[in-house]
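Q: So here's entry_13.cif, just mmCIF, C-alpha atoms:
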```
data_work
#
loop_
_atom_site.label_atom_id
_atom_site.label_comp_id
_atom_site.auth_asym_id
_atom_site.auth_seq_id
_atom_site.Cartn_x
_atom_site.Cartn_y
_atom_site.Cartn_z
CA MET A 14 -6.43 20.72 7.63
CA LYS A 15 -6.38 16.95 8.05
CA LYS A 16 -2.97 15.66 9.00
CA VAL A 17 -1.51 13.65 6.16
CA GLY A 18 1.07 10.89 6.38
CA ILE A 19 3.42 9.92 3.60
CA LEU A 20 5.14 6.57 3.50
CA VAL A 21 8.24 6.15 1.39
CA PHE A 22 9.65 2.49 0.63
CA VAL A 23 11.78 0.49 -0.23
CA GLY A 24 14.34 -0.93 -1.92
CA ALA A 25 17.48 -2.60 -2.41
CA LEU A 26 19.75 -0.28 -0.55
CA SER A 27 19.98 1.60 2.74
CA LEU A 28 22.80 3.01 4.79
CA GLY A 29 22.77 3.67 8.49
CA SER A 30 21.20 3.28 11.85
CA ASN A 31 17.75 2.64 13.27
CA ALA A 32 14.56 4.33 12.09
CA PHE A 33 14.66 8.05 11.63
CA SER A 34 11.78 10.18 12.83
CA GLN A 35 11.43 13.91 13.00
CA THR A 36 8.58 16.25 13.68
CA GLY A 37 8.20 19.77 12.49
CA GLY A 38 6.47 20.95 15.64
CA SER A 39 2.96 20.88 16.96
CA THR A 40 1.71 23.20 14.22
CA ASN A 41 3.12 21.07 11.37
CA THR A 42 0.36 20.18 8.88
CA LYS A 43 2.58 18.73 6.12
CA PRO A 44 2.50 15.04 5.25
CA THR A 45 4.80 12.45 6.78
CA VAL A 46 7.36 10.82 4.50
CA VAL A 47 8.14 7.19 5.34
CA PHE A 48 10.95 5.47 3.48
CA VAL A 49 11.06 1.71 2.89
CA HIS A 50 14.43 0.24 1.87
CA GLY A 51 15.19 -2.86 -0.14
CA LEU A 52 17.58 -5.78 -0.01
CA TRP A 53 21.22 -5.33 1.02
CA ALA A 54 20.42 -1.97 2.56
CA ASP A 55 19.06 -0.29 5.65
CA GLY A 56 17.11 2.87 6.46
CA SER A 57 20.07 5.17 5.96
CA SER A 58 19.97 4.68 2.21
CA TRP A 59 17.54 7.60 2.27
CA SER A 60 19.98 9.84 4.17
CA LYS A 61 20.45 12.33 1.33
CA VAL A 62 16.73 13.10 1.05
CA ILE A 63 15.76 12.94 4.73
CA ASN A 64 17.33 16.24 5.84
CA PRO A 65 16.03 18.26 2.85
CA LEU A 66 12.51 17.02 3.62
CA VAL A 67 12.85 17.85 7.31
CA ASP A 68 14.18 21.30 6.37
CA LYS A 69 10.99 21.82 4.37
CA GLY A 70 8.88 20.97 7.40
CA TYR A 71 8.05 17.33 6.69
CA LYS A 72 7.99 14.59 9.29
CA VAL A 73 10.08 11.60 8.16
CA ILE A 74 10.13 7.92 9.13
CA SER A 75 12.58 5.41 7.63
CA VAL A 76 11.51 1.78 8.04
CA GLN A 77 14.09 -0.81 9.09
CA ASN A 78 13.04 -3.92 7.18
CA PRO A 79 14.30 -7.25 8.51
CA THR A 80 14.34 -8.57 4.91
CA THR A 81 13.43 -12.02 6.22
CA SER A 82 10.12 -12.35 4.35
CA LEU A 83 7.54 -10.23 2.57
CA ALA A 84 5.17 -10.65 5.52
CA ASP A 85 7.81 -9.49 8.01
CA ASP A 86 8.69 -6.43 5.95
CA VAL A 87 5.01 -5.54 5.45
CA THR A 88 4.53 -5.78 9.22
CA ALA A 89 7.42 -3.36 9.79
CA THR A 90 5.96 -1.00 7.20
CA THR A 91 2.49 -1.20 8.72
CA ARG A 92 3.96 -0.09 12.04
CA ALA A 93 5.32 2.96 10.24
CA ILE A 94 1.91 3.65 8.71
CA ASP A 95 0.44 3.54 12.20
CA ARG A 96 3.07 6.02 13.43
CA ALA A 97 2.22 8.42 10.60
CA ASP A 98 -1.16 9.10 12.25
CA GLY A 99 -3.01 10.08 9.09
CA ASP A 100 -3.09 9.52 5.34
CA VAL A 101 0.04 7.91 3.91
CA ILE A 102 2.19 7.84 0.79
CA LEU A 103 4.43 4.78 0.49
CA VAL A 104 7.75 5.30 -1.29
CA GLY A 105 9.95 2.24 -1.78
CA HIS A 106 13.26 1.30 -3.33
CA SER A 107 14.03 -1.99 -5.10
CA TRP A 108 12.60 -4.91 -3.06
CA GLY A 109 10.82 -2.21 -1.09
CA GLY A 110 8.54 -1.82 -4.07
CA SER A 111 7.14 -5.28 -3.41
CA VAL A 112 6.57 -4.25 0.21
CA ILE A 113 4.68 -1.05 -0.60
CA THR A 114 2.66 -2.83 -3.28
CA GLU A 115 1.38 -5.17 -0.57
CA ALA A 116 1.15 -2.73 2.36
CA GLY A 117 -0.38 -0.06 0.12
CA ALA A 118 -3.77 -1.74 0.29
CA ASP A 119 -4.23 -0.07 3.67
CA PRO A 120 -6.96 2.58 3.24
CA ARG A 121 -4.71 5.18 4.84
CA VAL A 122 -2.27 4.87 1.91
CA LYS A 123 -3.14 7.42 -0.76
CA ALA A 124 -0.21 7.09 -3.20
CA LEU A 125 2.87 5.02 -4.01
CA VAL A 126 6.35 6.12 -5.09
CA TYR A 127 8.70 3.53 -6.61
CA ILE A 128 12.44 4.18 -6.86
CA ALA A 129 14.03 1.59 -9.23
CA ALA A 130 11.68 -0.86 -7.54
CA PHE A 131 9.64 -3.97 -8.11
CA ALA A 132 5.93 -3.35 -8.64
CA PRO A 133 4.44 -6.85 -8.79
CA ASP A 134 0.91 -7.74 -9.76
CA LYS A 135 -1.09 -10.30 -7.79
CA GLY A 136 0.61 -13.67 -8.03
CA GLU A 137 3.95 -12.26 -9.20
CA THR A 138 7.17 -12.36 -7.21
CA ALA A 139 10.41 -10.41 -7.32
CA GLY A 140 12.01 -13.54 -8.72
CA SER A 141 9.45 -14.09 -11.47
CA LEU A 142 9.65 -10.46 -12.53
CA ALA A 143 13.45 -10.55 -12.70
CA GLU A 144 13.32 -13.74 -14.75
CA SER A 145 10.94 -12.16 -17.28
CA VAL A 146 13.74 -10.04 -18.78
CA ALA A 147 17.46 -10.39 -19.50
CA PRO A 148 19.42 -10.94 -16.27
CA THR A 149 21.61 -8.22 -14.79
CA ILE A 150 25.13 -8.76 -13.51
CA LEU A 151 24.18 -8.46 -9.84
CA GLY A 152 23.55 -12.16 -9.34
CA GLY A 153 27.22 -12.91 -9.92
CA PHE A 154 28.14 -11.01 -6.78
CA VAL A 155 25.64 -12.49 -4.33
CA GLN A 156 27.10 -14.53 -1.47
CA ASN A 157 25.14 -17.22 0.39
CA ALA A 158 25.67 -17.78 4.10
CA ASN A 159 23.27 -20.30 5.68
CA GLY A 160 20.35 -19.21 3.54
CA TYR A 161 20.97 -15.46 3.91
CA LEU A 162 22.36 -13.46 1.03
CA THR A 163 24.77 -10.53 0.97
CA LEU A 164 26.62 -8.58 -1.72
CA SER A 165 30.38 -8.65 -2.11
CA ARG A 166 32.27 -5.36 -2.04
CA GLU A 167 32.89 -5.78 -5.79
CA GLY A 168 29.17 -6.30 -6.28
CA VAL A 169 28.40 -3.02 -4.56
CA ALA A 170 30.79 -1.23 -6.92
CA LYS A 171 29.79 -2.96 -10.15
CA GLY A 172 26.20 -4.07 -9.75
CA PHE A 173 24.60 -1.85 -7.16
CA ALA A 174 26.10 1.59 -6.62
CA GLY A 175 28.57 2.17 -9.42
CA ASP A 176 28.07 5.94 -9.57
CA LEU A 177 28.89 6.54 -5.90
CA THR A 178 32.37 7.37 -4.62
CA PRO A 179 34.46 4.51 -3.22
CA LYS A 180 33.95 5.84 0.30
CA GLU A 181 30.18 5.91 -0.18
CA GLN A 182 30.34 2.38 -1.56
CA ASP A 183 32.23 1.31 1.55
CA VAL A 184 29.30 2.49 3.66
CA VAL A 185 26.76 0.72 1.44
CA TYR A 186 28.72 -2.49 1.80
CA ALA A 187 29.17 -2.12 5.56
CA VAL A 188 25.54 -1.45 6.52
CA GLN A 189 23.81 -3.96 4.23
CA GLN A 190 21.18 -6.15 5.85
CA PRO A 191 21.54 -9.87 4.97
CA ALA A 192 18.43 -11.01 3.11
CA SER A 193 16.65 -14.33 3.28
CA LYS A 194 16.77 -16.04 -0.11
CA SER A 195 13.10 -16.93 0.36
CA VAL A 196 11.97 -13.35 -0.28
CA PHE A 197 12.40 -13.80 -4.04
CA GLY A 198 9.58 -16.34 -4.02
CA ASP A 199 7.20 -14.62 -1.60
CA VAL A 200 3.83 -13.86 -3.19
CA GLY A 201 1.61 -10.96 -2.18
CA VAL A 202 -2.16 -10.80 -2.38
CA ASN A 203 -2.42 -7.08 -3.13
CA ALA A 204 -1.44 -4.89 -6.08
CA ALA A 205 -2.00 -1.46 -4.59
CA TRP A 206 -0.80 0.37 -7.71
CA ARG A 207 -3.99 -0.77 -9.44
CA THR A 208 -6.07 1.52 -7.22
CA LYS A 209 -3.60 4.12 -5.88
CA PRO A 210 -1.87 6.91 -7.85
CA SER A 211 1.77 6.05 -8.43
CA TRP A 212 5.11 7.65 -9.27
CA TYR A 213 8.14 5.77 -10.61
CA VAL A 214 11.84 6.61 -10.96
CA VAL A 215 13.56 4.46 -13.60
CA ALA A 216 17.34 4.14 -13.14
CA SER A 217 18.62 3.86 -16.72
CA GLU A 218 22.07 2.57 -15.68
CA ASP A 219 20.71 -0.01 -13.22
CA ASN A 220 22.73 -3.24 -12.98
CA ALA A 221 20.52 -4.74 -10.27
CA ILE A 222 17.03 -4.55 -11.82
CA ASN A 223 16.84 -4.45 -15.60
CA PRO A 224 15.83 -0.88 -16.60
CA GLU A 225 13.52 -2.31 -19.27
CA LEU A 226 11.62 -4.14 -16.54
CA GLU A 227 11.41 -0.91 -14.55
CA LYS A 228 9.93 0.90 -17.54
CA ARG A 229 7.45 -1.92 -18.12
CA MET A 230 6.30 -1.93 -14.50
CA ALA A 231 5.98 1.85 -14.46
CA GLN A 232 3.87 1.83 -17.62
CA ARG A 233 1.67 -0.98 -16.33
CA ALA A 234 1.02 0.96 -13.13
CA ASN A 235 0.21 4.09 -15.15
CA ALA A 236 2.81 5.79 -12.96
CA LYS A 237 4.10 9.31 -13.45
CA THR A 238 7.58 8.31 -14.60
CA THR A 239 10.96 10.00 -14.34
CA ILE A 240 14.02 8.44 -16.01
CA LEU A 241 17.37 9.22 -14.37
CA LYS A 242 20.85 8.30 -15.57
CA SER A 243 21.64 6.51 -12.36
CA SER A 244 22.77 3.27 -10.80
CA HIS A 245 20.33 1.20 -8.75
CA VAL A 246 20.62 3.60 -5.79
CA ALA A 247 19.15 6.69 -7.42
CA MET A 248 18.25 8.22 -4.04
CA LEU A 249 21.98 8.33 -3.21
CA SER A 250 23.42 9.25 -6.61
CA LYS A 251 20.63 11.62 -7.77
CA PRO A 252 19.10 12.79 -4.48
CA ASN A 253 17.83 16.16 -5.73
CA GLU A 254 15.93 14.59 -8.60
CA VAL A 255 14.46 11.87 -6.36
CA LEU A 256 13.49 14.53 -3.83
CA ASP A 257 11.56 16.37 -6.55
CA VAL A 258 9.55 13.22 -7.32
CA ILE A 259 8.72 12.69 -3.65
CA LEU A 260 7.63 16.31 -3.26
CA ASP A 261 5.49 16.05 -6.38
CA ALA A 262 3.69 13.05 -4.88
CA ALA A 263 3.32 14.78 -1.54
CA THR A 264 1.84 17.97 -2.92
CA SER A 265 -0.47 16.09 -5.30
CA VAL A 266 -1.95 14.01 -2.50
CA SER A 267 -2.24 17.04 -0.24
CA LYS A 268 -4.39 19.03 -2.68
#
```
Starting from the file, give its structure as structure tokens.
A:
Amino acid sequence: MKKVGILVFVGALSLGSNAFSQTGGSTNTKPTVVFVHGLWADGSSWSKVINPLVDKGYKVISVQNPTTSLADDVTATTRAIDRADGDVILVGHSWGGSVITEAGADPRVKALVYIAAFAPDKGETAGSLAESVAPTILGGFVQNANGYLTLSREGVAKGFAGDLTPKEQDVVYAVQQPASKSVFGDVGVNAAWRTKPSWYVVASEDNAINPELEKRMAQRANAKTTILKSSHVAMLSKPNEVLDVILDAATSVSK
């Protein structure tokens, strides 16, 4: 059986350390799952779904995006695709959706999974998409330091991860990666969801990306859609449900 790689993105949150990678042994024929985080996050935002996937025999890679530009994040994601050594599924959260939409044009990418994520068309930006609907409260908690943006601790609690425990919110706040404000205007040249099968998790209680925008992007991409009663960080607050979506994509591509 051909070795398959799965790439999982993006999005606006991640907790933890450097990239995770695990192998299930030399006889492992299951796809690789590669996670791509978003803004104000790091690769550990996928921590609650990494171990269950490894336990099921999947290899996992979690990208560490610099969040300095779309091009820089796509480069980091492409390195993960290369590590996967086979076909790939990209799964991204939040801003990570923009990254997988661009990087997903790689012929090795066979499917996309969006978790409360941007899914721009050619010529669209994260900023233009956000401005196309009613604003969320998140913008009121963004702090600017020399052109790089972070979230306040109150912003994590109210606009980003409201359904996590205070201790979990402390970790989200502590590990966030400062983001260049320029990323909101970066324009991609690819819209991989137009040619690749897609899955989408809508977070109905999202205060970072308007849930109505999420639904609209999911419908436009003809994505298999799951709606969860969740904050922006569905992979942390509803990990079992998000895991089911990832596994559905993995098994569908593997058939």
Q: Have a look at A:Gly117, A:Gly136, A:Gly168, A:Gly175 and name the one nearest to Gly152 in chain A; count all atoms listed in the file.
A: A:Gly168
Q: At a cut-off of 12 Å from (29.8, 3.7, -5.2) in the coordinates of the file, what residues are picked up using only C-alpha atoms, written as a ChimeraX atom specification?
A: /A:26,166-186,243-247,249-250
Q: Separation of CA of Thr45 in chain A and CA of Ile74 in chain A, in Å?
A: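 Computed distance, CA of Thr45 in chain A to CA of Ile74 in chain A, equals 7.4 Å.
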Q: Between A:Lys43, A:Lys69, A:Lys209, A:His50, which one has atoms that come closest to Pro120 in chain A, using all atoms listed in the file?
A: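 Nearest to Pro120 in chain A: A:Lys209.
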Q: Do a neighbour search on Arg207 in chain A at 9 Å with only C-alpha atoms, toss out local chain neighbours closer than 5 positions, and write the hits as a list in words.
A: Asp134, Arg233, Ala234 and Asn235 of chain A
Q: When you count all atoms listed in the file, which of these residues is closest to Val214 in chain A: A:Ser57, A:Thr90, A:Thr239, A:Ser165?
A: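 Of A:Ser57, A:Thr90, A:Thr239, A:Ser165, the one nearest Val214 in chain A, counting all atoms listed in the file, is A:Thr239.
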Q: What does the distance between CA of Pro79 in chain A and CA of Trp53 in chain A come to in Å, to one decimal place?
A: 10.4 Å
Q: Give the answer as one residue: which of A:Val76, A:Leu226, A:Val202, A:Leu83 has the shortest atom-to-atom distance to Ala143 in chain A, using only C-alpha atoms?
A: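 Looking only at the distances to Ala143 in chain A, the closest residue turns out to be A:Leu226.
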Q: Step by step, work through what the PyMOL selection byres ((chain A and resi 75) around 7) selects in the shown file, and finish by giving those residues as a list in words.
A: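 When the PyMOL selection byres ((chain A and resi 75) around 7) is applied, the selected residues are Ala32, Phe33, Val47, Phe48, Val49, Gly56, Val73, Ile74, Val76 and Gln77 of chain A.
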Q: Neighbouring residues of Met230 in chain A were defined as those with any atom within 9 Å, considering all atoms listed in the file; residues of the same chain fewer than 6 positions away were excluded. Please report them as a CSV table (one decimal) with C-alpha atoms, in the frame of the given file.
A:
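The resulting file, out22.csv, is reproduced below:
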```csv
chain,number,residue,atom,x,y,z
A,130,ALA,CA,11.7,-0.9,-7.5
A,131,PHE,CA,9.6,-4.0,-8.1
A,132,ALA,CA,5.9,-3.4,-8.6
A,133,PRO,CA,4.4,-6.8,-8.8
A,213,TYR,CA,8.1,5.8,-10.6
A,236,ALA,CA,2.8,5.8,-13.0
```
Q: Given the choices A:Gly140, A:Ile128, A:Ile150, A:Pro224, which gets closest to Trp59 in chain A if the distance is worked out from all atoms listed in the file?
A: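 With all atoms listed in the file as the atom set, the closest residue is A:Ile128.
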Q: One decimal, in Å: what's the spacing between CA of Gly201 in chain A and CA of Val266 in chain A?
A: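 The value is 25.2 Å.
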Q: Closest to Ser211 in chain A among A:Arg92, A:Lys123, A:Lys242, A:Lys61, using all atoms listed in the file?
A: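 Using all atoms listed in the file, the shortest distance to Ser211 in chain A belongs to A:Lys123.
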Q: Apply the PyMOL selection byres ((chain A and resi 139) around 9) to the file shown and report the selected residues as a list of chain:residue names.
A: A:Trp108, A:Ser111, A:Phe131, A:Ala132, A:Pro133, A:Glu137, A:Thr138, A:Gly140, A:Ser141, A:Leu142, A:Ala143, A:Glu144, A:Val196, A:Phe197, A:Gly198, A:Asp199, A:Val200
Q: Box in all listed atoms of range 259-263 of chain A, axis-aligned, with 3 Å more on each side; write out centre and edge lengths in Å to one decimal as lines of an AutoDock Vina configuration file.
A:
```
center_x = 6.0
center_y = 14.5
center_z = -4.0
size_x = 11.4
size_y = 9.6
size_z = 10.8
```
Q: (0.2, 11.1, -3.5) in this file's frame - what residues fall within 8 Å of it? Use all atoms listed in the file and give the answer as a ChimeraX atom specification.
A: /A:19,102,123-125,210-211,261-267
Q: For the structure shown, which residues end up in the PyMOL selection byres ((chain A and resi 65) around 12)? Put them as a PyMOL selection string, please?
A: chain A and resi 35+46+59-64+66-73+252-253+255-257+259-260
Q: Could you complete range 145-173 of chain A so that it carries N, CA and C atoms, and give it back as an mmCIF file, in the frame of the given file?
A:
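File produced: selection02.cif:
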```cif
data_model
loop_
_atom_site.group_PDB
_atom_site.id
_atom_site.type_symbol
_atom_site.label_atom_id
_atom_site.label_comp_id
_atom_site.auth_asym_id
_atom_site.auth_seq_id
_atom_site.Cartn_x
_atom_site.Cartn_y
_atom_site.Cartn_z
ATOM 1 N N SER A 145 11.706 -12.456 -16.076
ATOM 2 C CA SER A 145 10.940 -12.160 -17.280
ATOM 3 C C SER A 145 11.709 -11.323 -18.292
ATOM 4 N N VAL A 146 12.903 -10.862 -17.897
ATOM 5 C CA VAL A 146 13.740 -10.040 -18.780
ATOM 6 C C VAL A 146 15.174 -10.580 -18.719
ATOM 7 N N ALA A 147 16.050 -9.983 -19.522
ATOM 8 C CA ALA A 147 17.460 -10.390 -19.500
ATOM 9 C C ALA A 147 18.047 -10.161 -18.109
ATOM 10 N N PRO A 148 18.857 -11.093 -17.614
ATOM 11 C CA PRO A 148 19.420 -10.940 -16.270
ATOM 12 C C PRO A 148 20.432 -9.804 -16.207
ATOM 13 N N THR A 149 20.562 -9.218 -15.037
ATOM 14 C CA THR A 149 21.610 -8.220 -14.790
ATOM 15 C C THR A 149 22.831 -8.926 -14.221
ATOM 16 N N ILE A 150 23.887 -8.163 -14.003
ATOM 17 C CA ILE A 150 25.130 -8.760 -13.510
ATOM 18 C C ILE A 150 25.131 -8.975 -12.005
ATOM 19 N N LEU A 151 24.131 -8.456 -11.306
ATOM 20 C CA LEU A 151 24.180 -8.460 -9.840
ATOM 21 C C LEU A 151 24.272 -9.870 -9.264
ATOM 22 N N GLY A 152 23.574 -10.814 -9.875
ATOM 23 C CA GLY A 152 23.550 -12.160 -9.340
ATOM 24 C C GLY A 152 24.923 -12.792 -9.189
ATOM 25 N N GLY A 153 25.872 -12.361 -9.994
ATOM 26 C CA GLY A 153 27.220 -12.910 -9.920
ATOM 27 C C GLY A 153 28.003 -12.471 -8.709
ATOM 28 N N PHE A 154 27.430 -11.540 -7.948
ATOM 29 C CA PHE A 154 28.140 -11.010 -6.780
ATOM 30 C C PHE A 154 27.434 -11.323 -5.459
ATOM 31 N N VAL A 155 26.404 -12.154 -5.529
ATOM 32 C CA VAL A 155 25.640 -12.490 -4.330
ATOM 33 C C VAL A 155 26.307 -13.651 -3.606
ATOM 34 N N GLN A 156 26.463 -13.517 -2.290
ATOM 35 C CA GLN A 156 27.100 -14.530 -1.470
ATOM 36 C C GLN A 156 26.062 -15.156 -0.545
ATOM 37 N N ASN A 157 26.104 -16.486 -0.412
ATOM 38 C CA ASN A 157 25.140 -17.220 0.390
ATOM 39 C C ASN A 157 25.791 -17.701 1.679
ATOM 40 N N ALA A 158 25.175 -17.335 2.801
ATOM 41 C CA ALA A 158 25.670 -17.780 4.100
ATOM 42 C C ALA A 158 24.482 -18.316 4.899
ATOM 43 N N ASN A 159 24.338 -19.650 4.917
ATOM 44 C CA ASN A 159 23.270 -20.300 5.680
ATOM 45 C C ASN A 159 21.883 -19.800 5.302
ATOM 46 N N GLY A 160 21.661 -19.613 4.006
ATOM 47 C CA GLY A 160 20.350 -19.210 3.540
ATOM 48 C C GLY A 160 20.127 -17.713 3.495
ATOM 49 N N TYR A 161 21.072 -16.921 3.974
ATOM 50 C CA TYR A 161 20.970 -15.460 3.910
ATOM 51 C C TYR A 161 21.994 -14.935 2.914
ATOM 52 N N LEU A 162 21.568 -13.945 2.141
ATOM 53 C CA LEU A 162 22.360 -13.460 1.030
ATOM 54 C C LEU A 162 22.906 -12.063 1.297
ATOM 55 N N THR A 163 24.151 -11.850 0.896
ATOM 56 C CA THR A 163 24.770 -10.530 0.970
ATOM 57 C C THR A 163 25.457 -10.239 -0.361
ATOM 58 N N LEU A 164 25.859 -8.981 -0.539
ATOM 59 C CA LEU A 164 26.620 -8.580 -1.720
ATOM 60 C C LEU A 164 28.088 -8.454 -1.374
ATOM 61 N N SER A 165 28.948 -8.876 -2.289
ATOM 62 C CA SER A 165 30.380 -8.650 -2.110
ATOM 63 C C SER A 165 30.694 -7.164 -2.304
ATOM 64 N N ARG A 166 31.852 -6.761 -1.848
ATOM 65 C CA ARG A 166 32.270 -5.360 -2.040
ATOM 66 C C ARG A 166 32.360 -5.044 -3.534
ATOM 67 N N GLU A 167 32.829 -5.984 -4.337
ATOM 68 C CA GLU A 167 32.890 -5.780 -5.790
ATOM 69 C C GLU A 167 31.490 -5.634 -6.365
ATOM 70 N N GLY A 168 30.542 -6.398 -5.809
ATOM 71 C CA GLY A 168 29.170 -6.300 -6.280
ATOM 72 C C GLY A 168 28.545 -4.948 -6.012
ATOM 73 N N VAL A 169 28.883 -4.360 -4.865
ATOM 74 C CA VAL A 169 28.400 -3.020 -4.560
ATOM 75 C C VAL A 169 28.911 -2.036 -5.611
ATOM 76 N N ALA A 170 30.179 -2.167 -5.966
ATOM 77 C CA ALA A 170 30.790 -1.230 -6.920
ATOM 78 C C ALA A 170 30.293 -1.430 -8.338
ATOM 79 N N LYS A 171 30.094 -2.686 -8.751
ATOM 80 C CA LYS A 171 29.790 -2.960 -10.150
ATOM 81 C C LYS A 171 28.305 -3.163 -10.433
ATOM 82 N N GLY A 172 27.577 -3.711 -9.478
ATOM 83 C CA GLY A 172 26.200 -4.070 -9.750
ATOM 84 C C GLY A 172 25.151 -3.280 -9.017
ATOM 85 N N PHE A 173 25.565 -2.463 -8.062
ATOM 86 C CA PHE A 173 24.600 -1.850 -7.160
ATOM 87 C C PHE A 173 24.714 -0.337 -7.092
#
```
